[in-house]
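Asks: The structure follows.
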Amino acid sequence: MDERKGPYAPMYYFIVNPSAGSGRGRRVWKAIACYMDLHNIEYEAVLTGSVGDARIAARELTEKKRQPGLLIVVGGSGTVNEVLDGAVLHGIFDLGYIPAGTGNDLSRCLHIPKRTIRCLKKQLYPRHFSMVDYGVLSLGSSEISHRRFMVSAGMGFDAAVCCAASASRLRGIMGRLGLGKLFCFLLGLCQAAGCRSSRGYILLDGVKKVEFNHILFISCHIQPSEGGGFVFAPRADGSDGRMNVCVVSHSSRKRLIPVMLQALTGRFKKHKGARMFECREVSIHTDAPLPVHVDGEFCGTQTDLRAECISRQIRMGI
């Protein structure tokens, strides 16, 4: 007899991006649906068709807070970002994740199994739960726009790379070949030549102000890596209620090359032009508008941002 049956059995809601990973999302979902049907486990599924659909589906599924239930995302980091951003949160948010994208930074940071069915079983029959942080990014000096994120958000060079990657047709092909990190590195080299810098400052927890003359990028991390495995914040812990902020500021764009190489190998260390900070919230100002990203999704250009860490409000079975 299935232990999931009975008056207190949880309901499983899937939000699936079939296009994630250049079609990998569809293949992963077929395997999941087959397992769920074979074991007579009740579930509902929403398959997205375009950008924004996952956000709408998450809002509709959570605004009335049906309980008990688990919302499981099948897709990449961008799909998870949409679901988190669209969900109506009523305290602790029960979230599951089965990776099907190209970068999969979140699954890497949370040590989620790569094999689909093994990963699904972790969601259905968790041995214990992990309470995970998420971030909120406020855009603009008036902070009229807000975006949640689970991995990282920032502005400058890394956002420009994210924008170029999302627009490239080669991203999915290189990802399927296992060359996603190499693709992002080469794309970063191309973007570095024309990378724009700006004067500006950061304000940590409303107390400590640090000024910079040549900001190339600022990234705020809940999790250690971004961009498909570039570890810019090796000390970041997604459950400690704090963010790690990486600031790279230097007059020479060539300084970006050793930064990328170190991040690519996971051995990011302090060196000239790169500084690390830890805080619960940070306000960022740049004199010139710089591109902004949230979990790898391009959000236009801004001069003012504020990022805040929301501590341990997402519950994930592992």
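Going by the structure tokens order, chains are called A, B, ..., each with residues numbered from 1, while ligands are numbered from 1 in the order shown.
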Would you list the contacts of A:Val80 as a list in words, taking every protein, DNA or RNA residue within 10 Å and counting only C-alpha atoms, but skipping same-chain residues closer than 6 positions in sequence?

Replies: Ile15, Val16, Asn17, Ala54, Arg55, Ile72, Val73, Val74, Gly86, Leu95, Gly96, Tyr97, Ile98, Pro99, Leu106, Phe149, Met150, Val151 and Asp295 of chain A

Asks: Give me, as a PyMOL selection string, the residues of stretch 21-177 of chain A that a backbone DSSP run labels strand (DSSP E or B).

Replies: chain A and resi 43-47+69-75+93-99+129-139+145-149+152-156

Asks: Check the smallest atom-to-atom distance from each of A:Val247, A:Cys279, A:Leu61, A:Ala45 to A:Leu89 using only C-alpha atoms, then report the winner.

Replies: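 Residue with the minimum atom-to-atom distance to A:Leu89: A:Leu61.
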
Asks: Do a neighbour search on A:Glu278 at 10 Å with only C-alpha atoms, toss out local chain neighbours closer than 5 positions, and write the hits as a PyMOL selection string.

Replies: chain A and resi 204-205+220-221+233+235-236+242-246

Asks: With distances taken over only C-alpha atoms, which residue among A:Val28, A:Ala263, A:Cys34, A:Ile215 lies nearest A:Thr286?

Replies: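 Among the listed residues, the smallest separation from A:Thr286 belongs to A:Ile215.
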
Asks: Would you mind listing what lies within 12 Å of A:Ala160 as JSON, numbers by chain, with only C-alpha atoms counted and same-chain residues fewer than 2 positions away left out?

Replies: {"A": [154, 155, 156, 157, 158, 162, 163, 164, 165, 166, 167, 184, 187, 188, 189, 190, 191, 192, 193, 194, 195, 196, 197, 216, 217, 218, 227, 290, 291, 292, 293, 294, 296, 297, 298, 299, 300, 301]}

Asks: Quick one: everything within 9 Å of A:Glu308, counting only C-alpha atoms, minus sequence neighbours fewer than 5 positions away in the same chain. Send it as a PyMOL selection string.

Replies: chain A and resi 134-138+242-243+279-283

Asks: Store the residues picked out above in a file with N, CA and C atoms, as a PDB file, in the first residue's frame.

Replies:
```pdb
ATOM      1  N   TYR A 134      16.169  32.849   0.831  1.00  0.00           N
ATOM      2  CA  TYR A 134      16.027  33.442  -0.496  1.00  0.00           C
ATOM      3  C   TYR A 134      16.279  34.942  -0.382  1.00  0.00           C
ATOM      4  N   GLY A 135      16.478  35.581  -1.513  1.00  0.00           N
ATOM      5  CA  GLY A 135      16.755  37.010  -1.516  1.00  0.00           C
ATOM      6  C   GLY A 135      15.653  37.799  -2.182  1.00  0.00           C
ATOM      7  N   VAL A 136      15.580  39.083  -1.849  1.00  0.00           N
ATOM      8  CA  VAL A 136      14.652  40.011  -2.500  1.00  0.00           C
ATOM      9  C   VAL A 136      15.460  41.180  -3.032  1.00  0.00           C
ATOM     10  N   LEU A 137      15.342  41.427  -4.320  1.00  0.00           N
ATOM     11  CA  LEU A 137      16.043  42.542  -4.956  1.00  0.00           C
ATOM     12  C   LEU A 137      15.041  43.638  -5.269  1.00  0.00           C
ATOM     13  N   SER A 138      15.299  44.840  -4.779  1.00  0.00           N
ATOM     14  CA  SER A 138      14.469  46.008  -5.060  1.00  0.00           C
ATOM     15  C   SER A 138      15.194  46.862  -6.081  1.00  0.00           C
ATOM     16  N   ARG A 242      22.293  35.121   5.700  1.00  0.00           N
ATOM     17  CA  ARG A 242      23.172  36.204   5.270  1.00  0.00           C
ATOM     18  C   ARG A 242      23.517  36.050   3.793  1.00  0.00           C
ATOM     19  N   MET A 243      23.858  37.185   3.174  1.00  0.00           N
ATOM     20  CA  MET A 243      24.324  37.191   1.793  1.00  0.00           C
ATOM     21  C   MET A 243      25.831  37.409   1.757  1.00  0.00           C
ATOM     22  N   CYS A 279      26.625  40.262   4.722  1.00  0.00           N
ATOM     23  CA  CYS A 279      25.623  41.153   5.307  1.00  0.00           C
ATOM     24  C   CYS A 279      24.239  40.514   5.212  1.00  0.00           C
ATOM     25  N   ARG A 280      23.265  41.160   5.851  1.00  0.00           N
ATOM     26  CA  ARG A 280      21.867  40.741   5.709  1.00  0.00           C
ATOM     27  C   ARG A 280      21.163  41.527   4.609  1.00  0.00           C
ATOM     28  N   GLU A 281      21.601  42.766   4.403  1.00  0.00           N
ATOM     29  CA  GLU A 281      21.062  43.554   3.301  1.00  0.00           C
ATOM     30  C   GLU A 281      22.125  44.518   2.806  1.00  0.00           C
ATOM     31  N   VAL A 282      22.016  44.892   1.536  1.00  0.00           N
ATOM     32  CA  VAL A 282      22.981  45.811   0.946  1.00  0.00           C
ATOM     33  C   VAL A 282      22.258  46.751  -0.016  1.00  0.00           C
ATOM     34  N   SER A 283      22.618  48.017   0.051  1.00  0.00           N
ATOM     35  CA  SER A 283      22.148  49.003  -0.920  1.00  0.00           C
ATOM     36  C   SER A 283      23.302  49.321  -1.858  1.00  0.00           C
TER      37      SER A 283
END
```

Asks: Find the residues near A:Arg312: any atom within 9 Å, counting only C-alpha atoms, skip ones fewer than 6 places away on the same chain, and give them as a list in words.

Replies: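 Near A:Arg312, the qualifying residues are Ile92, Ser130, Met131, Val132, Asp133, Tyr134, Gly238, Ser239, Asp240 and Gly241 of chain A.
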